[in-house]
Each structure stands twice: as C-alpha cells, then as structure tokens.
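Asks: The structure file coords-v1.txt (compact mmCIF, C-alpha atoms) is provided below.
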# COMPACT_ATOMS: atom_id res chain seq x y z
CA MET A 222 -17.67 -41.17 -33.40
CA PRO A 223 -17.74 -42.66 -29.88
CA GLN A 224 -14.29 -43.20 -28.44
CA ARG A 225 -14.92 -46.90 -27.91
CA ASP A 226 -15.37 -47.33 -31.71
CA LEU A 227 -11.85 -46.10 -32.51
CA MET A 228 -8.88 -48.42 -31.96
CA PHE A 229 -5.24 -47.40 -31.95
CA ILE A 230 -1.97 -49.10 -32.93
CA ASN A 231 1.23 -47.36 -31.95
CA ALA A 232 3.97 -48.32 -34.44
CA LEU A 233 6.07 -45.26 -33.64
CA LEU A 234 9.27 -45.69 -31.64
CA GLY A 235 11.26 -42.97 -29.90
CA GLN A 236 8.42 -40.45 -29.56
CA ASP A 237 5.73 -39.64 -27.01
CA GLU A 238 8.52 -39.66 -24.46
CA ALA A 239 6.28 -38.61 -21.58
CA LEU A 240 4.89 -42.17 -21.44
CA LEU A 241 7.35 -44.95 -20.63
CA ASP A 242 5.88 -47.69 -22.83
CA LYS A 243 5.30 -45.66 -26.02
CA PRO A 244 8.91 -45.12 -27.19
CA ILE A 245 9.96 -48.76 -26.73
CA THR A 246 6.91 -50.89 -27.60
CA CYS A 247 4.38 -51.47 -30.34
CA SER A 248 0.94 -51.53 -28.75
CA PHE A 249 -2.75 -51.92 -29.50
CA SER A 250 -5.37 -50.16 -27.39
CA PRO A 251 -8.61 -48.16 -27.53
CA PHE A 252 -7.80 -44.69 -28.86
CA GLY A 253 -6.82 -42.33 -26.05
CA LEU A 254 -6.76 -45.13 -23.47
CA SER A 255 -3.17 -46.39 -23.63
CA ALA A 256 -3.46 -47.76 -20.09
CA MET A 257 -5.94 -50.32 -21.47
CA ASN A 258 -3.55 -52.03 -23.87
CA HIS A 259 -4.96 -55.16 -25.48
CA LEU A 260 -1.39 -56.14 -26.36
CA MET A 261 2.00 -54.50 -25.88
CA ILE A 262 5.13 -55.90 -27.61
CA PHE A 263 8.55 -54.95 -26.26
CA ILE A 264 10.89 -53.81 -29.05
CA GLY A 265 13.88 -53.13 -26.78
CA SER A 266 14.98 -49.85 -28.31
CA ILE A 267 13.79 -46.30 -28.95
CA ASN A 268 14.67 -46.74 -32.63
CA VAL A 269 14.25 -49.48 -35.22
CA ALA A 270 17.26 -51.54 -34.21
CA SER A 271 15.54 -54.62 -35.66
CA PRO A 272 13.31 -53.82 -38.67
CA SER A 273 12.12 -57.43 -38.84
CA MET A 274 11.06 -57.32 -35.18
CA HIS A 275 9.16 -54.10 -35.81
CA GLN A 276 7.41 -55.59 -38.84
CA LYS A 277 6.45 -58.81 -37.02
CA SER A 278 5.08 -56.75 -34.12
CA VAL A 279 2.88 -54.63 -36.40
CA GLU A 280 1.64 -57.74 -38.23
CA THR A 281 0.77 -59.39 -34.91
CA LEU A 282 -1.15 -56.34 -33.72
CA MET A 283 -3.01 -56.15 -37.03
CA GLN A 284 -3.98 -59.81 -36.76
CA LEU A 285 -5.35 -59.16 -33.26
CA PHE A 286 -7.35 -56.20 -34.55
CA ASN A 287 -8.77 -58.16 -37.52
CA ASP A 288 -9.68 -61.13 -35.32
CA LYS A 289 -11.36 -59.24 -32.46
CA PHE A 290 -12.39 -55.83 -33.75
CA PRO A 291 -13.04 -56.24 -37.50
CA GLN A 292 -15.88 -53.68 -37.55
CA GLU A 293 -14.06 -50.94 -35.66
CA THR A 294 -12.13 -48.00 -37.08
CA LEU A 295 -8.36 -48.26 -36.69
CA PHE A 296 -5.87 -45.41 -36.35
CA VAL A 297 -2.19 -46.37 -36.81
CA ASN A 298 0.55 -44.01 -35.63
CA THR A 299 3.68 -44.45 -37.75
CA MET A 300 7.17 -43.01 -37.86
CA GLY A 301 7.89 -39.74 -39.62
CA TRP A 302 11.34 -41.02 -40.53
CA LEU A 303 11.03 -41.43 -44.31
CA ASP A 304 14.60 -42.23 -45.35
CA GLY A 305 16.70 -45.39 -45.11
CA ILE A 306 15.48 -47.99 -42.63
CA GLY A 307 12.67 -45.73 -41.48
CA GLY A 308 11.29 -45.47 -45.00
CA ILE A 309 11.48 -49.24 -45.46
CA CYS A 310 9.65 -49.83 -42.17
CA LEU A 311 6.97 -47.29 -43.10
CA GLU A 312 6.29 -49.02 -46.42
CA LYS A 313 6.02 -52.39 -44.65
CA VAL A 314 3.61 -50.91 -42.11
CA LYS A 315 1.45 -49.53 -44.94
CA LYS A 316 1.46 -52.96 -46.61
CA SER A 317 0.46 -54.72 -43.36
CA VAL A 318 -2.26 -52.22 -42.48
CA ASN A 319 -3.67 -51.66 -45.99
CA PRO A 320 -5.10 -48.24 -45.05
CA THR A 321 -7.94 -46.36 -46.72
CA MET A 322 -6.56 -42.97 -45.67
CA LEU A 323 -3.07 -41.52 -45.10
CA ILE A 324 -2.65 -38.40 -42.96
CA GLN A 325 0.68 -36.62 -43.28
CA LEU A 326 1.93 -33.79 -41.10
CA THR A 327 4.14 -31.49 -43.17
CA LYS A 328 6.21 -28.38 -42.60
CA THR A 329 4.25 -25.17 -42.83
CA GLU A 330 6.48 -23.84 -45.62
CA ASN A 331 5.54 -26.88 -47.73
CA CYS A 332 1.86 -26.92 -46.83
CA SER A 333 0.08 -23.92 -45.33
CA SER A 334 -3.44 -25.37 -45.35
CA PHE A 335 -5.40 -28.61 -45.39
CA VAL A 336 -4.83 -30.50 -48.69
CA LYS A 337 -6.58 -33.70 -49.81
CA ASN A 338 -5.66 -35.82 -52.82
CA ILE A 339 -6.60 -39.27 -54.10
CA LEU A 340 -3.59 -41.48 -54.81
CA PRO A 341 -3.49 -43.78 -57.88
CA ASN A 342 -4.30 -46.78 -55.66
CA GLY A 343 -7.48 -45.08 -54.43
CA ILE A 344 -6.17 -44.13 -50.98
CA SER A 345 -7.05 -40.66 -49.68
CA HIS A 346 -3.90 -38.66 -48.93
CA ILE A 347 -4.41 -35.75 -46.54
CA GLN A 348 -1.69 -33.22 -45.79
CA ILE A 349 -1.95 -31.11 -42.66
CA PRO A 350 0.52 -28.35 -41.69
CA ALA A 351 2.35 -29.29 -38.51
CA ARG A 352 2.13 -26.99 -35.52
CA GLU A 353 5.26 -24.95 -35.03
CA LYS A 354 7.34 -25.89 -32.02
CA ASN A 355 7.30 -23.56 -29.06
CA LYS A 356 10.60 -21.74 -28.87
CA ALA A 357 10.44 -21.58 -25.08
CA PRO A 358 12.84 -23.80 -23.12
CA PHE A 359 11.82 -27.43 -23.32
CA LEU A 360 13.02 -30.81 -22.07
CA MET A 361 15.09 -33.07 -24.27
CA PRO A 362 13.64 -36.49 -25.26
CA LYS A 363 16.15 -38.28 -23.01
CA GLU A 364 15.06 -36.18 -20.04
CA LEU A 365 11.41 -36.94 -20.70
CA ARG A 366 12.20 -40.68 -20.93
CA ASN A 367 14.08 -40.52 -17.64
CA PHE A 368 11.18 -38.75 -15.93
CA ALA A 369 8.73 -41.30 -17.34
CA LEU A 370 10.91 -44.20 -16.19
CA LEU A 371 11.25 -42.81 -12.66
CA ALA A 372 7.52 -42.07 -12.53
CA TYR A 373 6.79 -45.67 -13.52
CA PHE A 374 8.85 -47.05 -10.65
CA GLY A 375 7.37 -44.37 -8.41
CA GLN A 376 4.19 -46.46 -8.45
CA CYS A 377 6.01 -48.72 -5.99
CA GLN A 378 5.93 -45.90 -3.45
CA ASN A 379 3.52 -46.38 -0.56
CA TYR A 380 1.38 -43.27 -0.71
CA PHE A 381 0.69 -43.27 3.02
CA MET A 382 4.42 -43.42 3.86
CA PRO A 383 7.12 -40.73 3.59
CA LEU A 384 8.71 -40.40 0.17
CA THR A 385 11.79 -42.56 -0.25
CA TYR A 386 14.41 -43.55 -2.85
CA ILE A 387 14.12 -46.34 -5.41
CA ASN A 388 16.80 -48.39 -3.67
CA ALA A 389 14.61 -48.44 -0.56
CA PHE A 390 11.59 -49.90 -2.38
CA SER A 391 10.84 -53.47 -1.43
CA PRO A 392 11.71 -55.76 -4.37
CA VAL A 393 9.84 -58.90 -5.32
CA CYS A 394 11.81 -62.14 -5.26
CA VAL A 395 11.63 -64.11 -8.52
CA CYS A 396 13.02 -67.61 -9.06
CA TRP A 397 14.53 -67.96 -12.52
CA ASP A 398 14.23 -71.75 -12.82
CA ASN A 399 11.23 -71.46 -15.15
CA ILE A 400 12.02 -68.05 -16.60
CA ALA A 401 14.11 -67.24 -19.66
CA ILE A 402 16.60 -64.38 -19.54
CA TYR A 403 17.49 -62.66 -22.79
CA VAL A 404 19.27 -59.57 -24.11
CA MET A 405 17.83 -58.28 -27.39
CA GLY A 406 20.24 -58.04 -30.28
CA LYS A 407 23.08 -59.70 -28.35
CA LYS A 408 24.40 -63.24 -28.12
CA VAL A 409 25.17 -63.41 -24.42
CA PRO A 410 26.73 -66.66 -23.10
CA PRO A 411 24.50 -68.39 -20.53
CA HIS A 412 27.00 -67.86 -17.70
CA ARG A 413 26.94 -64.10 -18.34
CA LEU A 414 23.16 -63.58 -18.51
CA ILE A 415 22.74 -62.63 -14.86
CA GLU A 416 25.56 -60.11 -15.12
CA ALA A 417 24.01 -58.69 -18.28
CA ILE A 418 20.67 -57.85 -16.65
CA HIS A 419 22.01 -56.91 -13.22
CA CYS A 420 21.08 -53.35 -12.17
CA SER A 421 19.23 -52.97 -15.47
CA PHE A 422 15.86 -51.88 -16.77
CA VAL A 423 14.06 -54.95 -18.14
CA ALA A 424 10.75 -55.89 -19.72
CA LEU A 425 8.71 -58.53 -17.90
CA CYS A 426 7.13 -60.57 -20.67
CA TYR A 427 5.30 -63.70 -21.68
CA VAL A 428 6.68 -65.59 -24.70
CA HIS A 429 5.61 -68.79 -26.41
CA GLN A 430 7.38 -71.94 -25.22
CA SER A 431 8.77 -72.48 -28.71
CA PHE A 432 11.19 -69.60 -28.10
CA MET A 433 12.59 -71.18 -24.93
CA LEU A 434 16.15 -72.57 -24.92
CA ASP A 435 17.24 -74.68 -21.96
CA SER A 436 20.79 -74.35 -20.68
CA ALA A 437 23.12 -77.33 -20.85
CA GLN A 438 24.04 -76.60 -17.24
CA PRO A 439 21.17 -76.79 -14.73
CA GLU A 440 22.64 -74.05 -12.53
CA LEU A 441 22.37 -71.54 -15.37
CA PRO A 442 19.15 -69.81 -16.49
CA ARG A 443 17.19 -70.52 -19.63
CA THR A 444 17.34 -68.12 -22.53
CA LEU A 445 15.57 -67.52 -25.87
CA TYR A 446 16.43 -68.56 -29.41
CA ASN A 447 16.08 -65.12 -30.95
CA ASP A 448 14.39 -61.74 -30.57
CA PRO A 449 10.93 -63.03 -29.72
CA LEU A 450 7.45 -61.77 -30.31
CA ASN A 451 6.24 -61.21 -26.79
CA GLU A 452 3.45 -59.92 -24.62
CA CYS A 453 5.00 -57.21 -22.49
CA ILE A 454 3.22 -57.21 -19.14
CA GLY A 455 5.28 -54.45 -17.56
CA PHE A 456 8.76 -53.36 -16.59
CA GLY A 457 11.18 -53.86 -13.75
CA LEU A 458 14.55 -52.94 -12.30
CA VAL A 459 16.82 -55.89 -11.46
CA ARG A 460 18.23 -54.72 -8.16
CA ALA A 461 20.18 -57.78 -7.10
CA ALA A 462 20.74 -61.49 -7.74
CA ASP A 463 21.32 -64.56 -5.62
CA GLU A 464 22.92 -67.05 -7.98
CA ALA A 465 23.22 -69.80 -5.36
CA ASN A 466 19.44 -69.94 -4.91
CA HIS A 467 18.51 -68.86 -8.46
CA LEU A 468 16.76 -65.69 -7.30
CA LEU A 469 16.38 -62.24 -8.78
CA TYR A 470 15.27 -59.23 -6.73
CA ILE A 471 13.18 -56.97 -8.97
CA ILE A 472 11.60 -53.61 -8.28
CA THR A 473 8.32 -53.38 -10.20
CA PRO A 474 4.82 -52.00 -9.66
CA LEU A 475 3.28 -55.16 -11.15
CA SER A 476 1.07 -57.21 -8.85
CA ILE A 477 1.88 -60.77 -7.88
CA GLN A 478 -1.00 -61.94 -10.05
CA GLN A 479 0.52 -60.18 -13.08
CA LEU A 480 3.99 -61.54 -12.30
CA LYS A 481 2.67 -65.10 -12.35
CA LYS A 482 2.23 -64.76 -16.11
CA VAL A 483 5.86 -63.66 -16.70
CA ASN A 484 8.12 -66.34 -18.19
CA ALA A 485 10.78 -64.14 -19.80
CA ILE A 486 12.89 -61.24 -18.59
CA ILE A 487 14.15 -59.28 -21.59
CA LYS A 488 16.69 -56.49 -21.65
CA GLY A 489 16.93 -53.94 -24.45
CA ASN A 490 19.18 -50.92 -24.75
CA ILE A 491 17.15 -48.71 -22.40
CA MET A 492 19.48 -47.26 -19.78
CA LEU A 493 18.65 -46.17 -16.26
CA PRO A 494 19.17 -42.48 -15.49
CA ASP A 495 22.62 -41.74 -14.11
CA ASP A 496 21.10 -40.30 -10.94
CA VAL A 497 19.77 -43.75 -9.98
CA PHE A 498 23.39 -44.83 -9.47
CA LEU A 499 25.05 -41.57 -8.48
CA LYS A 500 22.61 -39.65 -6.31
CA GLN A 501 20.86 -42.20 -4.11
CA PRO A 502 22.07 -42.59 -0.53
CA ILE A 503 22.66 -46.22 0.41
CA THR A 504 23.28 -45.85 4.15
CA ASN A 505 21.36 -48.45 6.16
CA VAL A 506 19.67 -49.83 3.04
CA PRO A 507 20.18 -53.62 2.87
CA LEU A 508 21.10 -54.86 -0.58
CA PRO A 509 20.32 -58.58 -1.01
CA PHE A 510 23.32 -59.54 -3.09
CA THR A 511 24.51 -63.13 -2.99
CA ASP A 512 26.22 -63.97 0.29
CA GLN A 513 27.94 -67.17 -0.79
CA SER A 514 31.59 -67.60 0.03
CA GLU A 515 34.36 -66.65 -2.37
CA LYS A 516 35.26 -70.31 -2.89
CA ALA A 517 31.79 -71.01 -4.29
CA MET A 518 31.96 -68.14 -6.72
CA ARG A 519 32.86 -68.53 -10.34
CA PRO A 520 35.99 -66.65 -11.45
CA SER A 521 33.80 -63.88 -12.87
CA ARG A 522 32.30 -63.36 -9.41
CA GLN A 523 35.51 -63.17 -7.41
CA PRO A 524 36.22 -59.72 -5.99
CA VAL A 525 38.77 -57.50 -7.71
CA LYS A 526 42.00 -57.21 -5.79
CA GLU A 527 42.94 -53.76 -4.63
CA LEU A 528 46.02 -52.44 -6.41
CA THR A 529 48.61 -50.22 -4.78
CA ASN A 530 50.08 -47.29 -6.66
CA ALA A 531 52.96 -48.45 -8.80
CA THR A 532 56.33 -46.68 -8.79
CA PRO A 533 57.62 -45.25 -12.08
CA ASN A 534 59.89 -48.28 -12.54
CA GLN A 535 57.55 -50.94 -11.30
CA PHE A 536 54.04 -52.00 -12.24
CA LYS A 537 53.09 -55.45 -11.09
CA LEU A 538 49.74 -57.22 -10.74
CA ASP A 539 49.58 -59.84 -8.03
Go ahead and render the structure in this file as structure tokens.

Replies:
Amino acid sequence: MPQRDLMFINALLGQDEALLDKPITCSFSPFGLSAMNHLMIFIGSINVASPSMHQKSVETLMQLFNDKFPQETLFVNTMGWLDGIGGICLEKVKKSVNPTMLIQLTKTENCSSFVKNILPNGISHIQIPAREKNKAPFLMPKELRNFALLAYFGQCQNYFMPLTYINAFSPVCVCWDNIAIYVMGKKVPPHRLIEAIHCSFVALCYVHQSFMLDSAQPELPRTLYNDPLNECIGFGLVRAADEANHLLYIITPLSIQQLKKVNAIIKGNIMLPDDVFLKQPITNVPLPFTDQSEKAMRPSRQPVKELTNATPNQFKLD
C-alpha cells in the first residue's frame, strides 16, 4: 500500500521519547511522516493526567480523519497500559475509532508466534510477540525526552555561526494583550500566571475564542476557562517577562508567520532539564527581565531581603 494511503493517529502518551511532540500530544499525520501533522493537540503531560482531555483529543482527531480522509486506511497507536485509568482510556479509544482490526504486542512467553482470532464482535484480533529488549546499556525515557527537548530548541541555532547556549539564542518578543495564558490542571490566579510560566517549557497553541476568559484587571493577562482542545503549533521556552509593557520573551524555532496564529500559551507538567539552569554560563548574556522600579512592582515582585546569620539566641526577620 502506498505510504500516502495510510494515515496515523498517535494516542499514546509517554512513549517514543526520541521525538519531542509524541509523548505529550495526540496527533494526526500521514504514516511515517510525523513532521507533516494535520493536527497536533497538546495534552500537557507524559501520562493521562486528564482522561477526559485525552478522549476529547482522540474524538477530535477521528472527526478530522472522517471528514477529510474517509477513504484512507487509518492506523491508531494506543497505550499498552491496560489497567486502571489506562484501561478505561483504551476502551474509550476503541469506541471512538471503531476499528476493524486490533494488533496486540505480547510477551514472548505468552505468545511465541503470530496468532489471529476473530472476536465475537467481528473484529480481527492479532497477537504478535514483542521483540525482546536489548540488554546493552540504554538511555532512560527522561534522558531521551531531555535530548529531544534540547534538540528542538537547537533549531534556533544559526548553522553558519559558532555553537552557543540556549540562553544566548535570540528570543522573540510576544505581547500578551490578545493571548491567553493557562496552566493545565491548575487554577492559577490571574496575578500569578506570568510567574507560573516564567522560565518554563510551554506549548504555543491556537484555541477557539469560546475558551477565552478576560481578566477583570486590564493589566493582567487573559486565561482560559478549562483544559481546552487546542491546535498545538509548536513549543517555546519563556525566557523572561516585562510586565510593565505586557511582553514575553520566548525562545522558539517557530517562524513569525506561525507565531501570528498563536493565541494561547499553555503550560503542562513538562520540566526543563536541570542542566538548562545549572550548567549554562550567563556572563555577558543580557537577560531582558523587567527593569521597572521597585515602587512599581507588586509585592510578589519585590526582591527578597538578604538575611544575616542569626545567633543561637536570636532569629529576627526585618
């Protein structure tokens, strides 16, 4: 079958760690061409933190497939987690997809050869023995995710210039006046949203206007009603913020044309590698943090006073 006739939905979170988008999104693309996503939905986690969000994402991708590619063959990659929440999500995926064939990878001790059965509902059930893992040293999933994340931001590197650190990449300046800021699974007060996404890995998304929630205070950013269905356009690193001028400085390989579509910046529970904070030199690298005076800062922005060592009989905070 020609590759263009086979479509692919990735409903598996937390695997395929060598690619940044696969563990944290549900996506729809031609099979084997994940860079050509027709739609990518940011889930915000490497596991099913929100089963309802996962289900809505799969249903949305299925609707897109049925609307635009009804004659094509579809392959859906699901989770192998069969107990608890994982089992519930798998059953909901099967209900949404309504497959004609189920392919199950099993342990070699349970299945040593190719086995095909017909289930009572008429669906073909194929069992295939899984390949044994190589016992040679291998990288942990977290390490693979970290490498994938750093490689993604490495696209910001100018190939004709000497290699440099992430904190030396030129950020894009984004005004948040018309952009919603949201943290998945958390109810963050509007005056804490900038702090919540600062120095964080975020998804740069487009969401429907019905999800938008304006702040009661014009100096604070908009947010979203709830975990939204979204079109994830790409990812970014919020390097700094200028709250006086409503600006965010974001490191991202997305083009300006792609960024024009972004109307929501969404944070999940994906953490930056420790080395981004601990092993990058910052000498002579300007950091565009807000330069407003202390008097203009809110209490949460005032600098922490330096404390002197207290004597055994005295401990006083000024």

Asks: Any idea what the distance is between atom CA of A:Phe374 and atom CA of A:Ala232?

Replies: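 Calculated distance between atom CA of A:Phe374 and atom CA of A:Ala232 is 24.3 Å.
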
Asks: When you draw a straight line from atom CA of A:Gln378 to atom CA of A:Met405, how long is it in Å?

Replies: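 These two atoms are separated by 29.5 Å.
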
Asks: Expressed in Å to a single decimal, how great is the separation between atom CA of A:Pro410 and atom CA of A:Ile267?

Replies: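 Calculated distance between atom CA of A:Pro410 and atom CA of A:Ile267 is 24.8 Å.
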
Asks: Wanna dump the stretch 371-431 of chain A-stretch 441-461 of chain A contacts at 10 Å for me, each residue with its shortest atom pair and the distance in Å to one decimal, counting all atoms listed in the file, ordered by chain and number, as a Markdown table?

Replies:
| residue | atom | partner | partner_atom | distance |
| --- | --- | --- | --- | --- |
| A:Tyr373 | CA | A:Phe456 | CA | 8.5 |
| A:Phe374 | CA | A:Gly457 | CA | 7.8 |
| A:Ile387 | CA | A:Leu458 | CA | 9.6 |
| A:Asn388 | CA | A:Arg460 | CA | 7.9 |
| A:Pro392 | CA | A:Arg460 | CA | 7.6 |
| A:Val393 | CA | A:Val459 | CA | 9.8 |
| A:Cys394 | CA | A:Ala461 | CA | 9.6 |
| A:Cys396 | CA | A:Pro442 | CA | 9.9 |
| A:Trp397 | CA | A:Pro442 | CA | 6.4 |
| A:Asp398 | CA | A:Pro442 | CA | 6.4 |
| A:Asn399 | CA | A:Arg443 | CA | 7.5 |
| A:Ile400 | CA | A:Arg443 | CA | 6.5 |
| A:Ala401 | CA | A:Thr444 | CA | 4.4 |
| A:Ile402 | CA | A:Thr444 | CA | 4.8 |
| A:Tyr403 | CA | A:Thr444 | CA | 5.5 |
| A:Val404 | CA | A:Asp448 | CA | 8.4 |
| A:Met405 | CA | A:Asp448 | CA | 5.8 |
| A:Gly406 | CA | A:Asp448 | CA | 6.9 |
| A:Lys407 | CA | A:Asp448 | CA | 9.2 |
| A:Lys408 | CA | A:Asn447 | CA | 9.0 |
| A:Val409 | CA | A:Thr444 | CA | 9.3 |
| A:Pro410 | CA | A:Thr444 | CA | 9.5 |
| A:Pro411 | CA | A:Leu441 | CA | 6.4 |
| A:His412 | CA | A:Leu441 | CA | 6.4 |
| A:Arg413 | CA | A:Leu441 | CA | 9.2 |
| A:Leu414 | CA | A:Pro442 | CA | 7.7 |
| A:Ile415 | CA | A:Pro442 | CA | 8.2 |
| A:Glu416 | CA | A:Ala461 | CA | 9.9 |
| A:Ile418 | CA | A:Val459 | CA | 6.8 |
| A:His419 | CA | A:Val459 | CA | 5.6 |
| A:Cys420 | CA | A:Val459 | CA | 5.0 |
| A:Ser421 | CA | A:Val459 | CA | 5.5 |
| A:Phe422 | CA | A:Leu458 | CA | 4.8 |
| A:Val423 | CA | A:Gly457 | CA | 5.4 |
| A:Ala424 | CA | A:Phe456 | CA | 4.5 |
| A:Leu425 | CA | A:Phe456 | CA | 5.3 |
| A:Cys426 | CA | A:Cys453 | CA | 4.4 |
| A:Tyr427 | CA | A:Glu452 | CA | 5.1 |
| A:Val428 | CA | A:Asn451 | CA | 4.9 |
| A:His429 | CA | A:Asn451 | CA | 7.6 |
| A:Gln430 | CA | A:Leu445 | CA | 9.3 |
| A:Ser431 | CA | A:Tyr446 | CA | 8.6 |

Asks: Please return as a PDB file with C-alpha atoms, in the coordinates of the input every residue within 12 Å of (-5.7, -32.5, -52.0), taking into account all atoms listed in the file and the file's own coordinates.

Replies:
ATOM      1  CA  LEU A 323      -3.070 -41.520 -45.100  1.00  0.00           C
ATOM      2  CA  ILE A 324      -2.650 -38.400 -42.960  1.00  0.00           C
ATOM      3  CA  GLN A 325       0.680 -36.620 -43.280  1.00  0.00           C
ATOM      4  CA  CYS A 332       1.860 -26.920 -46.830  1.00  0.00           C
ATOM      5  CA  SER A 334      -3.440 -25.370 -45.350  1.00  0.00           C
ATOM      6  CA  PHE A 335      -5.400 -28.610 -45.390  1.00  0.00           C
ATOM      7  CA  VAL A 336      -4.830 -30.500 -48.690  1.00  0.00           C
ATOM      8  CA  LYS A 337      -6.580 -33.700 -49.810  1.00  0.00           C
ATOM      9  CA  ASN A 338      -5.660 -35.820 -52.820  1.00  0.00           C
ATOM     10  CA  ILE A 339      -6.600 -39.270 -54.100  1.00  0.00           C
ATOM     11  CA  LEU A 340      -3.590 -41.480 -54.810  1.00  0.00           C
ATOM     12  CA  ILE A 344      -6.170 -44.130 -50.980  1.00  0.00           C
ATOM     13  CA  SER A 345      -7.050 -40.660 -49.680  1.00  0.00           C
ATOM     14  CA  HIS A 346      -3.900 -38.660 -48.930  1.00  0.00           C
ATOM     15  CA  ILE A 347      -4.410 -35.750 -46.540  1.00  0.00           C
ATOM     16  CA  GLN A 348      -1.690 -33.220 -45.790  1.00  0.00           C
ATOM     17  CA  ILE A 349      -1.950 -31.110 -42.660  1.00  0.00           C
TER      18      ILE A 349
END

Asks: Using all atoms listed in the file, which of the listed residues (A:Leu326, A:Leu365, A:Leu311, A:Leu227) sits closest to A:Pro291?

Replies: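 Once distances to A:Pro291 are computed over all atoms listed in the file, the minimum belongs to A:Leu227.
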
Asks: Could you check the closest approach to A:Phe432 for each of A:Leu468, A:Ala485, A:Leu480, A:Cys247 and tell me which residue wins, using all atoms listed in the file?

Replies: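 Looking at the shortest contact to A:Phe432, the residue is A:Ala485.
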
Asks: Could you tell me which of A:Ser476, A:Ser436, A:Gln276, A:Gln376 comes closest to A:Ser317 if we count all atoms listed in the file?

Replies: A:Gln276

Asks: With only C-alpha atoms as the atoms that count, which of A:Asn298, A:Thr246, A:Gln478, A:Ser273 lies nearest to A:Ile230?

Replies: A:Asn298

Asks: So, with all atoms listed in the file as the atoms that count, which of A:Val395, A:Leu499, A:Met257, A:Leu360 lies closest to A:Leu469?

Replies: A:Val395

Asks: Pick out the closest residue to A:Asn484 from this set: A:Met433, A:Val269, A:Ile471, A:Val279. Count only C-alpha atoms.

Replies: A:Met433
